[in-house]
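Have a look at input.csv; it's CSV, C-alpha atoms:
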chain,number,residue,atom,x,y,z
A,1,MET,CA,0.0,0.0,0.0
A,2,LYS,CA,2.8,2.4,1.0
A,3,LYS,CA,4.5,1.6,-2.3
A,4,TYR,CA,1.5,2.6,-4.3
A,5,VAL,CA,1.1,5.8,-2.4
A,6,ILE,CA,4.7,6.7,-2.9
A,7,LEU,CA,4.4,5.8,-6.6
A,8,LEU,CA,1.4,8.1,-6.9
A,9,LEU,CA,3.1,10.9,-5.1
A,10,SER,CA,6.1,10.6,-7.4
A,11,PHE,CA,3.9,11.2,-10.4
A,12,PHE,CA,2.8,14.5,-8.8
A,13,LEU,CA,6.5,15.3,-8.2
A,14,VAL,CA,7.3,14.6,-11.9
A,15,ALA,CA,4.6,17.0,-12.9
A,16,CYS,CA,6.1,19.7,-10.7
A,17,ALA,CA,9.5,19.1,-12.2
A,18,THR,CA,8.3,19.8,-15.8
A,19,PRO,CA,9.7,23.2,-16.8
A,20,LYS,CA,6.9,25.7,-17.6
A,21,LYS,CA,7.0,27.6,-20.8
A,22,PRO,CA,7.0,31.3,-20.3
A,23,ILE,CA,3.9,33.1,-21.6
A,24,GLU,CA,4.6,35.0,-24.8
A,25,ILE,CA,2.3,37.8,-25.8
A,26,GLU,CA,2.7,39.0,-29.3
A,27,LYS,CA,1.1,42.4,-30.3
A,28,ILE,CA,-0.1,42.5,-33.8
A,29,ASP,CA,-1.3,45.8,-35.3
A,30,SER,CA,-4.5,45.0,-37.1
A,31,PRO,CA,-6.0,47.7,-39.4
A,32,ARG,CA,-9.3,49.2,-38.4
A,33,LEU,CA,-12.3,47.6,-40.0
A,34,PRO,CA,-13.5,49.7,-43.0
A,35,LEU,CA,-16.8,51.5,-42.5
A,36,LEU,CA,-19.2,49.9,-45.0
A,37,ILE,CA,-21.9,52.4,-45.6
A,38,ASN,CA,-23.7,52.5,-49.0
A,39,ASP,CA,-23.9,55.9,-50.7
A,40,PRO,CA,-27.4,57.3,-50.8
A,41,GLN,CA,-29.1,57.1,-54.2
A,42,PRO,CA,-29.0,60.4,-56.2
A,43,LEU,CA,-32.3,62.3,-56.0
A,44,GLN,CA,-34.8,62.1,-58.7
A,45,VAL,CA,-36.6,65.4,-58.6
A,46,LYS,CA,-39.9,66.1,-60.2
A,47,SER,CA,-40.4,69.7,-61.2
A,48,PRO,CA,-43.8,71.2,-60.8
A,49,GLN,CA,-45.8,72.8,-63.6
A,50,TRP,CA,-46.2,76.5,-63.0
A,51,ILE,CA,-49.1,78.5,-64.2
A,52,VAL,CA,-48.9,82.3,-64.4
A,53,VAL,CA,-52.3,83.7,-63.4
A,54,THR,CA,-53.3,87.3,-64.1
A,55,PRO,CA,-56.7,88.9,-63.9
A,56,GLU,CA,-56.8,88.9,-67.7
A,57,ASN,CA,-56.2,85.1,-68.1
A,58,ILE,CA,-57.8,83.6,-65.0
A,59,GLU,CA,-61.1,82.8,-66.7
A,60,LYS,CA,-59.3,81.1,-69.5
A,61,ILE,CA,-57.3,79.0,-67.0
A,62,TRP,CA,-60.5,78.0,-65.1
A,63,ASP,CA,-62.0,76.9,-68.4
A,64,GLN,CA,-58.9,74.8,-69.2
A,65,PHE,CA,-59.2,73.2,-65.8
A,66,GLU,CA,-62.9,72.4,-66.3
A,67,ASN,CA,-62.3,70.8,-69.7
A,68,SER,CA,-59.4,68.7,-68.4
A,69,ASP,CA,-61.0,67.3,-65.2
A,70,THR,CA,-58.4,69.1,-63.1
A,71,PRO,CA,-59.8,70.2,-59.8
A,72,LEU,CA,-60.5,73.9,-59.7
A,73,VAL,CA,-57.9,74.6,-57.1
A,74,LEU,CA,-54.6,76.5,-57.3
A,75,PHE,CA,-52.0,76.9,-54.6
A,76,ALA,CA,-50.9,80.5,-55.2
A,77,ILE,CA,-47.6,82.1,-54.8
A,78,THR,CA,-46.7,85.8,-55.4
A,79,PRO,CA,-43.7,86.7,-57.6
A,80,LYS,CA,-41.8,87.6,-54.5
A,81,GLY,CA,-42.6,84.2,-53.0
A,82,TYR,CA,-41.4,82.5,-56.3
A,83,GLU,CA,-38.1,84.5,-56.0
A,84,GLU,CA,-37.7,83.3,-52.4
A,85,ILE,CA,-38.4,79.7,-53.3
A,86,SER,CA,-35.9,79.8,-56.2
A,87,LEU,CA,-33.1,81.3,-54.0
A,88,THR,CA,-33.8,78.9,-51.2
A,89,LEU,CA,-33.7,75.9,-53.5
A,90,ALA,CA,-30.4,77.2,-54.9
A,91,GLU,CA,-29.0,77.4,-51.3
A,92,ILE,CA,-30.2,73.9,-50.5
A,93,ARG,CA,-28.6,72.6,-53.7
A,94,ALA,CA,-25.3,74.3,-52.8
A,95,PHE,CA,-25.5,72.7,-49.3
A,96,ILE,CA,-26.2,69.2,-50.7
A,97,GLN,CA,-23.3,69.5,-53.1
A,98,THR,CA,-20.9,70.8,-50.4
A,99,GLN,CA,-21.8,68.0,-48.0
A,100,ARG,CA,-21.4,65.4,-50.6
A,101,GLU,CA,-18.0,66.8,-51.7
A,102,ILE,CA,-16.8,66.9,-48.1
A,103,ILE,CA,-17.7,63.2,-47.6
A,104,LEU,CA,-16.0,62.2,-50.8
A,105,ALA,CA,-12.9,64.2,-49.7
A,106,TYR,CA,-12.7,62.5,-46.4
A,107,ARG,CA,-13.1,59.1,-48.0
A,108,LYS,CA,-10.4,59.9,-50.6
A,109,TYR,CA,-8.0,61.2,-47.9
A,110,TYR,CA,-8.3,58.4,-45.4
A,111,GLU,CA,-9.0,55.4,-47.6
A,112,GLU,CA,-6.9,55.9,-50.7
A,113,LYS,CA,-3.5,54.1,-50.5
B,114,MET,CA,59.7,26.9,-2.2
B,115,PHE,CA,58.7,30.2,-3.5
B,116,SER,CA,60.8,33.2,-2.4
B,117,LYS,CA,59.3,36.4,-1.3
B,118,PHE,CA,60.3,38.0,-4.5
B,119,ASN,CA,58.5,35.4,-6.6
B,120,ILE,CA,55.3,35.7,-4.6
B,121,ILE,CA,55.3,39.5,-5.0
B,122,LEU,CA,56.0,39.2,-8.7
B,123,LEU,CA,53.2,36.7,-9.0
B,124,ILE,CA,50.8,39.0,-7.2
B,125,LEU,CA,51.9,41.9,-9.4
B,126,VAL,CA,51.5,40.0,-12.7
B,127,SER,CA,48.1,38.7,-11.6
B,128,THR,CA,47.0,42.2,-10.7
B,129,VAL,CA,48.2,43.7,-13.9
B,130,THR,CA,46.7,40.9,-16.0
B,131,GLY,CA,43.4,41.3,-14.1
B,132,VAL,CA,43.3,45.0,-14.7
B,133,LEU,CA,44.1,44.5,-18.4
B,134,VAL,CA,41.4,41.8,-18.8
B,135,TYR,CA,38.9,44.0,-17.0
B,136,ASN,CA,39.7,47.0,-19.2
B,137,HIS,CA,39.4,44.9,-22.3
B,138,ASN,CA,36.0,43.6,-21.3
B,139,ALA,CA,34.8,47.0,-20.3
B,140,THR,CA,35.9,48.5,-23.6
B,141,LYS,CA,34.4,45.7,-25.6
B,142,HIS,CA,31.1,46.2,-23.7
B,143,LYS,CA,31.1,49.9,-24.4
B,144,LEU,CA,31.8,49.2,-28.1
B,145,ASP,CA,28.9,46.8,-28.2
B,146,VAL,CA,26.6,49.3,-26.6
B,147,ALA,CA,27.8,52.0,-29.0
B,148,GLU,CA,27.2,49.7,-32.0
B,149,LYS,CA,23.7,49.0,-30.9
B,150,ASN,CA,23.0,52.7,-30.3
B,151,VAL,CA,24.2,53.4,-33.8
B,152,LEU,CA,21.8,50.9,-35.2
B,153,VAL,CA,18.9,52.3,-33.1
B,154,LEU,CA,19.7,55.8,-34.3
B,155,GLN,CA,19.9,54.8,-37.9
B,156,SER,CA,16.6,53.1,-37.6
B,157,ALA,CA,15.1,56.2,-36.0
B,158,ILE,CA,16.5,58.5,-38.7
B,159,THR,CA,14.9,56.2,-41.4
B,160,ASP,CA,11.6,56.3,-39.5
B,161,GLN,CA,11.8,60.1,-39.3
B,162,GLN,CA,12.6,60.5,-43.0
B,163,ASN,CA,9.6,58.3,-43.8
B,164,LEU,CA,7.4,60.3,-41.5
B,165,ILE,CA,8.5,63.6,-43.1
B,166,THR,CA,7.8,62.2,-46.6
B,167,GLN,CA,4.4,61.0,-45.5
B,168,MET,CA,3.6,64.4,-43.9
B,169,ARG,CA,4.6,66.1,-47.1
B,170,LEU,CA,2.4,63.9,-49.2
B,171,ASP,CA,-0.5,64.4,-46.7
B,172,PHE,CA,-0.1,68.1,-46.9
B,173,GLU,CA,-0.2,68.1,-50.7
B,174,LYS,CA,-3.3,65.9,-50.6
B,175,ASN,CA,-4.8,68.3,-48.1
B,176,SER,CA,-4.1,71.3,-50.3
B,177,GLN,CA,-5.6,69.7,-53.4
B,178,ILE,CA,-8.8,68.8,-51.5
B,179,ILE,CA,-9.1,72.3,-50.1
B,180,THR,CA,-8.5,73.9,-53.5
B,181,HIS,CA,-11.2,71.7,-55.0
B,182,LEU,CA,-13.7,72.5,-52.3
B,183,ASN,CA,-13.0,76.2,-52.6
B,184,GLU,CA,-13.6,76.0,-56.4
B,185,ILE,CA,-16.9,74.3,-55.9
B,186,SER,CA,-17.9,76.9,-53.3
B,187,ASN,CA,-17.0,79.8,-55.6
B,188,ASN,CA,-19.0,78.3,-58.4
B,189,GLN,CA,-22.0,77.8,-56.2
B,190,GLN,CA,-21.8,81.4,-55.0
B,191,THR,CA,-21.5,82.7,-58.6
B,192,ASP,CA,-24.6,80.6,-59.6
B,193,ILE,CA,-26.6,82.0,-56.7
B,194,ARG,CA,-25.5,85.6,-57.4
B,195,GLU,CA,-26.4,85.2,-61.0
B,196,LEU,CA,-29.8,83.8,-60.1
B,197,ARG,CA,-30.4,86.7,-57.7
B,198,ASP,CA,-29.4,89.2,-60.4
B,199,ARG,CA,-31.9,87.7,-62.8
B,200,PHE,CA,-34.7,88.7,-60.5
B,201,SER,CA,-33.4,92.2,-59.9
B,202,GLN,CA,-31.2,93.3,-62.7
B,203,SER,CA,-31.9,96.4,-64.6
B,204,SER,CA,-33.9,96.4,-67.8
B,205,ALA,CA,-32.8,98.1,-71.0
B,206,THR,CA,-34.2,101.4,-69.7
B,207,GLY,CA,-32.0,101.2,-66.6
B,208,ARG,CA,-34.9,100.6,-64.2
B,209,PRO,CA,-34.8,97.5,-61.9
B,210,ARG,CA,-36.7,94.6,-63.5
B,211,ASP,CA,-40.1,93.9,-62.1
B,212,ILE,CA,-41.2,90.4,-62.9
B,213,SER,CA,-44.7,91.0,-61.7
B,214,ASN,CA,-45.2,93.6,-64.4
B,215,ILE,CA,-43.6,91.4,-67.0
B,216,ALA,CA,-45.8,88.4,-66.0
B,217,ARG,CA,-48.9,90.6,-66.1
B,218,THR,CA,-48.2,91.7,-69.7
B,219,ARG,CA,-46.7,88.5,-71.0
B,220,PRO,CA,-47.9,85.6,-68.9
B,221,GLU,CA,-47.2,82.9,-71.4
B,222,SER,CA,-43.6,83.9,-71.9
B,223,VAL,CA,-43.0,84.1,-68.2
B,224,GLN,CA,-44.7,80.8,-67.7
B,225,ARG,CA,-42.5,79.2,-70.3
B,226,VAL,CA,-39.3,80.7,-68.7
B,227,ILE,CA,-40.4,79.7,-65.2
B,228,ASN,CA,-41.2,76.1,-66.2
B,229,ASN,CA,-37.9,75.7,-68.1
B,230,SER,CA,-36.0,77.2,-65.1
B,231,SER,CA,-37.9,74.8,-62.7
B,232,ARG,CA,-36.9,71.8,-64.8
B,233,ASP,CA,-33.3,73.1,-64.8
B,234,ALA,CA,-33.3,73.6,-61.1
B,235,ALA,CA,-34.7,70.1,-60.5
B,236,ARG,CA,-31.8,68.7,-62.6
B,237,CYS,CA,-29.3,70.8,-60.6
B,238,ILE,CA,-30.5,69.2,-57.4
B,239,GLU,CA,-30.2,65.7,-58.9
B,240,LEU,CA,-26.6,66.5,-60.0
B,241,ALA,CA,-25.7,68.0,-56.6
B,242,SER,CA,-26.9,64.8,-55.0
B,243,GLY,CA,-24.6,62.7,-57.1
B,244,ALA,CA,-26.5,61.9,-60.3
B,245,PRO,CA,-24.2,61.3,-63.3
B,246,HIS,CA,-24.0,63.8,-66.1
B,247,THR,CA,-25.7,62.9,-69.4
B,248,PRO,CA,-23.5,62.9,-72.6
B,249,LYS,CA,-25.6,65.9,-73.7
B,250,GLU,CA,-24.7,67.8,-70.5
B,251,LEU,CA,-21.0,67.0,-70.9
B,252,GLU,CA,-20.9,68.1,-74.6
B,253,ALA,CA,-22.8,71.4,-74.0
B,254,THR,CA,-20.5,74.3,-74.7
B,255,LYS,CA,-22.9,77.0,-76.1
B,256,ALA,CA,-25.2,79.3,-74.1
B,257,SER,CA,-28.2,77.7,-75.8
B,258,GLU,CA,-27.2,74.2,-74.7
B,259,ILE,CA,-26.3,74.7,-71.1
B,260,ASN,CA,-28.4,74.5,-67.9
B,261,SER,CA,-28.8,78.2,-67.2
B,262,THR,CA,-29.6,77.6,-63.5
B,263,CYS,CA,-26.3,75.9,-62.6
B,264,PRO,CA,-24.0,75.8,-65.7
B,265,ARG,CA,-20.8,75.2,-63.7
B,266,LEU,CA,-22.3,72.1,-62.1
B,267,ALA,CA,-24.4,70.8,-65.0
B,268,ASN,CA,-22.0,71.5,-67.9
B,269,PRO,CA,-18.4,71.1,-66.8
B,270,ASN,CA,-17.1,71.6,-70.3
B,271,TRP,CA,-18.8,75.0,-70.7
B,272,LYS,CA,-16.4,78.0,-70.5
B,273,GLU,CA,-17.8,81.4,-69.5
Using C-alpha coordinates, write down the structure from this file.
Amino acid sequence: MKKYVILLLSFFLVACATPKKPIEIEKIDSPRLPLLINDPQPLQVKSPQWIVVTPENIEKIWDQFENSDTPLVLFAITPKGYEEISLTLAEIRAFIQTQREIILAYRKYYEEK
Amino acid sequence: MFSKFNIILLILVSTVTGVLVYNHNATKHKLDVAEKNVLVLQSAITDQQNLITQMRLDFEKNSQIITHLNEISNNQQTDIRELRDRFSQSSATGRPRDISNIARTRPESVQRVINNSSRDAARCIELASGAPHTPKELEATKASEINSTCPRLANPNWKE
(Lines of atoms letter the chains of each structure in order from A and count residues from 1; the text may use other names and numbers.)
(Lines give C-alpha, C1' and ligand atoms only; values in the text may rest on other atoms or scores of the structure.)
Protein backbone atom coordinates (compact mmCIF):
# COMPACT_ATOMS: atom_id res chain seq x y z
CA MET A 1 0.00 0.00 0.00
CA LYS A 2 2.77 2.38 0.98
CA LYS A 3 4.53 1.58 -2.27
CA TYR A 4 1.51 2.62 -4.31
CA VAL A 5 1.07 5.85 -2.38
CA ILE A 6 4.71 6.69 -2.89
CA LEU A 7 4.42 5.83 -6.60
CA LEU A 8 1.36 8.07 -6.92
CA LEU A 9 3.08 10.92 -5.12
CA SER A 10 6.09 10.56 -7.37
CA PHE A 11 3.87 11.20 -10.38
CA PHE A 12 2.83 14.52 -8.83
CA LEU A 13 6.47 15.34 -8.21
CA VAL A 14 7.28 14.62 -11.87
CA ALA A 15 4.57 17.03 -12.92
CA CYS A 16 6.08 19.68 -10.68
CA ALA A 17 9.48 19.05 -12.20
CA THR A 18 8.31 19.76 -15.76
CA PRO A 19 9.66 23.16 -16.78
CA LYS A 20 6.93 25.69 -17.60
CA LYS A 21 7.00 27.62 -20.79
CA PRO A 22 7.04 31.33 -20.33
CA ILE A 23 3.92 33.09 -21.60
CA GLU A 24 4.59 35.01 -24.78
CA ILE A 25 2.33 37.83 -25.77
CA GLU A 26 2.70 39.04 -29.33
CA LYS A 27 1.14 42.36 -30.27
CA ILE A 28 -0.11 42.54 -33.81
CA ASP A 29 -1.29 45.82 -35.34
CA SER A 30 -4.51 45.02 -37.09
CA PRO A 31 -5.98 47.67 -39.36
CA ARG A 32 -9.30 49.21 -38.43
CA LEU A 33 -12.32 47.56 -40.00
CA PRO A 34 -13.50 49.65 -42.95
CA LEU A 35 -16.79 51.46 -42.51
CA LEU A 36 -19.18 49.86 -44.97
CA ILE A 37 -21.94 52.35 -45.65
CA ASN A 38 -23.66 52.52 -49.01
CA ASP A 39 -23.88 55.88 -50.73
CA PRO A 40 -27.42 57.25 -50.85
CA GLN A 41 -29.07 57.09 -54.24
CA PRO A 42 -29.01 60.39 -56.18
CA LEU A 43 -32.27 62.30 -55.98
CA GLN A 44 -34.85 62.10 -58.75
CA VAL A 45 -36.58 65.43 -58.56
CA LYS A 46 -39.90 66.10 -60.20
CA SER A 47 -40.36 69.71 -61.18
CA PRO A 48 -43.83 71.22 -60.77
CA GLN A 49 -45.78 72.77 -63.61
CA TRP A 50 -46.17 76.49 -62.96
CA ILE A 51 -49.12 78.49 -64.25
CA VAL A 52 -48.87 82.28 -64.37
CA VAL A 53 -52.26 83.67 -63.45
CA THR A 54 -53.29 87.28 -64.09
CA PRO A 55 -56.70 88.93 -63.87
CA GLU A 56 -56.75 88.86 -67.66
CA ASN A 57 -56.20 85.14 -68.11
CA ILE A 58 -57.81 83.64 -64.97
CA GLU A 59 -61.09 82.77 -66.69
CA LYS A 60 -59.25 81.07 -69.54
CA ILE A 61 -57.30 79.01 -67.00
CA TRP A 62 -60.46 77.98 -65.12
CA ASP A 63 -62.00 76.92 -68.44
CA GLN A 64 -58.94 74.84 -69.23
CA PHE A 65 -59.20 73.16 -65.84
CA GLU A 66 -62.87 72.41 -66.29
CA ASN A 67 -62.25 70.83 -69.69
CA SER A 68 -59.42 68.66 -68.43
CA ASP A 69 -61.03 67.27 -65.23
CA THR A 70 -58.42 69.09 -63.12
CA PRO A 71 -59.79 70.18 -59.75
CA LEU A 72 -60.53 73.89 -59.69
CA VAL A 73 -57.91 74.63 -57.05
CA LEU A 74 -54.64 76.52 -57.34
CA PHE A 75 -52.01 76.88 -54.64
CA ALA A 76 -50.94 80.45 -55.20
CA ILE A 77 -47.60 82.12 -54.79
CA THR A 78 -46.66 85.75 -55.36
CA PRO A 79 -43.71 86.73 -57.61
CA LYS A 80 -41.78 87.60 -54.47
CA GLY A 81 -42.59 84.15 -53.05
CA TYR A 82 -41.39 82.52 -56.28
CA GLU A 83 -38.12 84.47 -56.03
CA GLU A 84 -37.67 83.33 -52.42
CA ILE A 85 -38.38 79.69 -53.29
CA SER A 86 -35.89 79.83 -56.18
CA LEU A 87 -33.12 81.30 -54.05
CA THR A 88 -33.83 78.89 -51.16
CA LEU A 89 -33.66 75.91 -53.51
CA ALA A 90 -30.36 77.21 -54.88
CA GLU A 91 -28.97 77.41 -51.31
CA ILE A 92 -30.22 73.89 -50.54
CA ARG A 93 -28.61 72.60 -53.71
CA ALA A 94 -25.31 74.27 -52.80
CA PHE A 95 -25.48 72.73 -49.31
CA ILE A 96 -26.20 69.22 -50.67
CA GLN A 97 -23.30 69.49 -53.09
CA THR A 98 -20.92 70.78 -50.44
CA GLN A 99 -21.81 68.03 -47.96
CA ARG A 100 -21.36 65.38 -50.61
CA GLU A 101 -17.98 66.76 -51.69
CA ILE A 102 -16.79 66.89 -48.07
CA ILE A 103 -17.73 63.22 -47.55
CA LEU A 104 -15.96 62.24 -50.77
CA ALA A 105 -12.90 64.25 -49.73
CA TYR A 106 -12.72 62.47 -46.35
CA ARG A 107 -13.10 59.11 -48.04
CA LYS A 108 -10.36 59.91 -50.57
CA TYR A 109 -7.99 61.24 -47.91
CA TYR A 110 -8.34 58.38 -45.43
CA GLU A 111 -9.04 55.39 -47.64
CA GLU A 112 -6.86 55.92 -50.68
CA LYS A 113 -3.47 54.12 -50.45
CA MET B 1 59.67 26.87 -2.24
CA PHE B 2 58.66 30.24 -3.46
CA SER B 3 60.79 33.15 -2.43
CA LYS B 4 59.25 36.37 -1.26
CA PHE B 5 60.26 38.04 -4.48
CA ASN B 6 58.49 35.42 -6.62
CA ILE B 7 55.33 35.73 -4.62
CA ILE B 8 55.30 39.51 -4.97
CA LEU B 9 56.03 39.17 -8.69
CA LEU B 10 53.23 36.67 -9.03
CA ILE B 11 50.77 38.95 -7.24
CA LEU B 12 51.89 41.90 -9.38
CA VAL B 13 51.52 40.02 -12.67
CA SER B 14 48.14 38.69 -11.62
CA THR B 15 46.96 42.17 -10.70
CA VAL B 16 48.16 43.72 -13.95
CA THR B 17 46.66 40.87 -15.97
CA GLY B 18 43.41 41.25 -14.11
CA VAL B 19 43.29 44.97 -14.75
CA LEU B 20 44.07 44.49 -18.44
CA VAL B 21 41.39 41.84 -18.81
CA TYR B 22 38.88 44.03 -16.99
CA ASN B 23 39.68 47.02 -19.23
CA HIS B 24 39.42 44.91 -22.32
CA ASN B 25 36.03 43.58 -21.33
CA ALA B 26 34.77 46.99 -20.30
CA THR B 27 35.89 48.53 -23.59
CA LYS B 28 34.36 45.68 -25.57
CA HIS B 29 31.09 46.16 -23.70
CA LYS B 30 31.14 49.90 -24.42
CA LEU B 31 31.78 49.24 -28.10
CA ASP B 32 28.88 46.78 -28.22
CA VAL B 33 26.58 49.32 -26.62
CA ALA B 34 27.80 52.03 -29.01
CA GLU B 35 27.19 49.74 -32.02
CA LYS B 36 23.67 48.98 -30.85
CA ASN B 37 23.04 52.70 -30.32
CA VAL B 38 24.19 53.44 -33.85
CA LEU B 39 21.76 50.87 -35.23
CA VAL B 40 18.92 52.30 -33.14
CA LEU B 41 19.73 55.84 -34.27
CA GLN B 42 19.93 54.80 -37.92
CA SER B 43 16.56 53.13 -37.63
CA ALA B 44 15.12 56.23 -35.96
CA ILE B 45 16.50 58.46 -38.75
CA THR B 46 14.92 56.22 -41.38
CA ASP B 47 11.60 56.33 -39.54
CA GLN B 48 11.80 60.10 -39.26
CA GLN B 49 12.57 60.51 -42.96
CA ASN B 50 9.62 58.27 -43.84
CA LEU B 51 7.42 60.33 -41.53
CA ILE B 52 8.54 63.59 -43.14
CA THR B 53 7.85 62.18 -46.60
CA GLN B 54 4.40 60.98 -45.50
CA MET B 55 3.61 64.36 -43.92
CA ARG B 56 4.64 66.12 -47.13
CA LEU B 57 2.35 63.86 -49.18
CA ASP B 58 -0.51 64.37 -46.72
CA PHE B 59 -0.05 68.13 -46.90
CA GLU B 60 -0.18 68.07 -50.71
CA LYS B 61 -3.31 65.90 -50.64
CA ASN B 62 -4.84 68.27 -48.11
CA SER B 63 -4.08 71.31 -50.29
CA GLN B 64 -5.58 69.68 -53.38
CA ILE B 65 -8.78 68.79 -51.55
CA ILE B 66 -9.14 72.28 -50.07
CA THR B 67 -8.52 73.89 -53.47
CA HIS B 68 -11.18 71.65 -55.04
CA LEU B 69 -13.73 72.46 -52.31
CA ASN B 70 -13.00 76.19 -52.61
CA GLU B 71 -13.56 76.01 -56.37
CA ILE B 72 -16.91 74.31 -55.87
CA SER B 73 -17.93 76.89 -53.26
CA ASN B 74 -16.97 79.78 -55.58
CA ASN B 75 -18.98 78.26 -58.43
CA GLN B 76 -22.00 77.84 -56.18
CA GLN B 77 -21.81 81.45 -54.98
CA THR B 78 -21.53 82.66 -58.58
CA ASP B 79 -24.60 80.62 -59.60
CA ILE B 80 -26.62 81.99 -56.68
CA ARG B 81 -25.50 85.56 -57.38
CA GLU B 82 -26.45 85.23 -61.05
CA LEU B 83 -29.85 83.84 -60.06
CA ARG B 84 -30.42 86.75 -57.67
CA ASP B 85 -29.39 89.21 -60.40
CA ARG B 86 -31.89 87.67 -62.78
CA PHE B 87 -34.70 88.73 -60.47
CA SER B 88 -33.39 92.22 -59.86
CA GLN B 89 -31.17 93.26 -62.75
CA SER B 90 -31.92 96.41 -64.64
CA SER B 91 -33.90 96.37 -67.83
CA ALA B 92 -32.77 98.14 -71.02
CA THR B 93 -34.18 101.42 -69.67
CA GLY B 94 -31.99 101.21 -66.58
CA ARG B 95 -34.87 100.63 -64.18
CA PRO B 96 -34.84 97.54 -61.93
CA ARG B 97 -36.66 94.56 -63.46
CA ASP B 98 -40.13 93.91 -62.09
CA ILE B 99 -41.18 90.36 -62.92
CA SER B 100 -44.72 91.02 -61.67
CA ASN B 101 -45.25 93.58 -64.42
CA ILE B 102 -43.62 91.39 -67.03
CA ALA B 103 -45.79 88.42 -65.96
CA ARG B 104 -48.88 90.63 -66.13
CA THR B 105 -48.19 91.72 -69.69
CA ARG B 106 -46.66 88.49 -71.04
CA PRO B 107 -47.88 85.61 -68.89
CA GLU B 108 -47.24 82.85 -71.44
CA SER B 109 -43.60 83.90 -71.94
CA VAL B 110 -42.98 84.13 -68.22
CA GLN B 111 -44.73 80.79 -67.70
CA ARG B 112 -42.47 79.16 -70.28
CA VAL B 113 -39.33 80.69 -68.73
CA ILE B 114 -40.38 79.68 -65.21
CA ASN B 115 -41.17 76.10 -66.20
CA ASN B 116 -37.88 75.73 -68.06
CA SER B 117 -36.01 77.16 -65.05
CA SER B 118 -37.87 74.80 -62.69
CA ARG B 119 -36.89 71.85 -64.83
CA ASP B 120 -33.26 73.06 -64.82
CA ALA B 121 -33.35 73.64 -61.05
CA ALA B 122 -34.67 70.10 -60.48
CA ARG B 123 -31.84 68.71 -62.59
CA CYS B 124 -29.32 70.82 -60.62
CA ILE B 125 -30.50 69.20 -57.38
CA GLU B 126 -30.19 65.74 -58.92
CA LEU B 127 -26.62 66.48 -60.02
CA ALA B 128 -25.72 67.95 -56.63
CA SER B 129 -26.91 64.76 -54.95
CA GLY B 130 -24.58 62.68 -57.13
CA ALA B 131 -26.51 61.86 -60.31
CA PRO B 132 -24.17 61.26 -63.26
CA HIS B 133 -24.03 63.78 -66.12
CA THR B 134 -25.70 62.86 -69.40
CA PRO B 135 -23.55 62.92 -72.58
CA LYS B 136 -25.57 65.95 -73.73
CA GLU B 137 -24.69 67.82 -70.54
CA LEU B 138 -21.02 66.98 -70.91
CA GLU B 139 -20.93 68.06 -74.56
CA ALA B 140 -22.77 71.37 -74.00
CA THR B 141 -20.52 74.34 -74.67
CA LYS B 142 -22.87 77.00 -76.09
CA ALA B 143 -25.17 79.28 -74.10
CA SER B 144 -28.22 77.74 -75.81
CA GLU B 145 -27.20 74.22 -74.74
CA ILE B 146 -26.35 74.74 -71.10
CA ASN B 147 -28.41 74.48 -67.92
CA SER B 148 -28.81 78.19 -67.16
CA THR B 149 -29.56 77.61 -63.47
CA CYS B 150 -26.28 75.88 -62.58
CA PRO B 151 -24.03 75.82 -65.68
CA ARG B 152 -20.83 75.24 -63.70
CA LEU B 153 -22.30 72.13 -62.09
CA ALA B 154 -24.36 70.78 -64.99
CA ASN B 155 -22.01 71.52 -67.89
CA PRO B 156 -18.39 71.08 -66.79
CA ASN B 157 -17.07 71.63 -70.33
CA TRP B 158 -18.78 74.99 -70.72
CA LYS B 159 -16.42 77.96 -70.51
CA GLU B 160 -17.79 81.40 -69.50
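Of the listed residues (A:Tyr4, A:Tyr82, A:Phe65, A:Trp50), A:Trp50 comes nearest to chain B; the distances count only C-alpha atoms.
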Hey, can you pull every residue with an atom no more than 12 Å from (-28.9, 84.1, -59.8), using only C-alpha atoms, and send it as a ChimeraX atom specification?
/A:83-84,86-91 /B:188-202,230,234,261-264
Counting all atoms listed in the file, the residue among B:Gln167, B:Ser242, B:Thr159, B:Asn228 that lies closest to A:Pro42 is B:Ser242
Distance limit 10 Å, atoms considered: all atoms listed in the file. Which chain A residues sit that close to chain B? Return them as a ChimeraX atom specification.
/A:39-57,78-80,82-84,86-102,104-106,108-110
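Across the structure, atom CA of A:Arg107 and atom CA of B:Glu173 are spaced 16.0 Å apart.
Counting from atom CA of B:Trp271, the distance to atom CA of B:Pro209 is 29.0 Å.
In this model, the gap between atom CA of B:Thr180 and atom CA of B:Leu251 comes to 22.5 Å.
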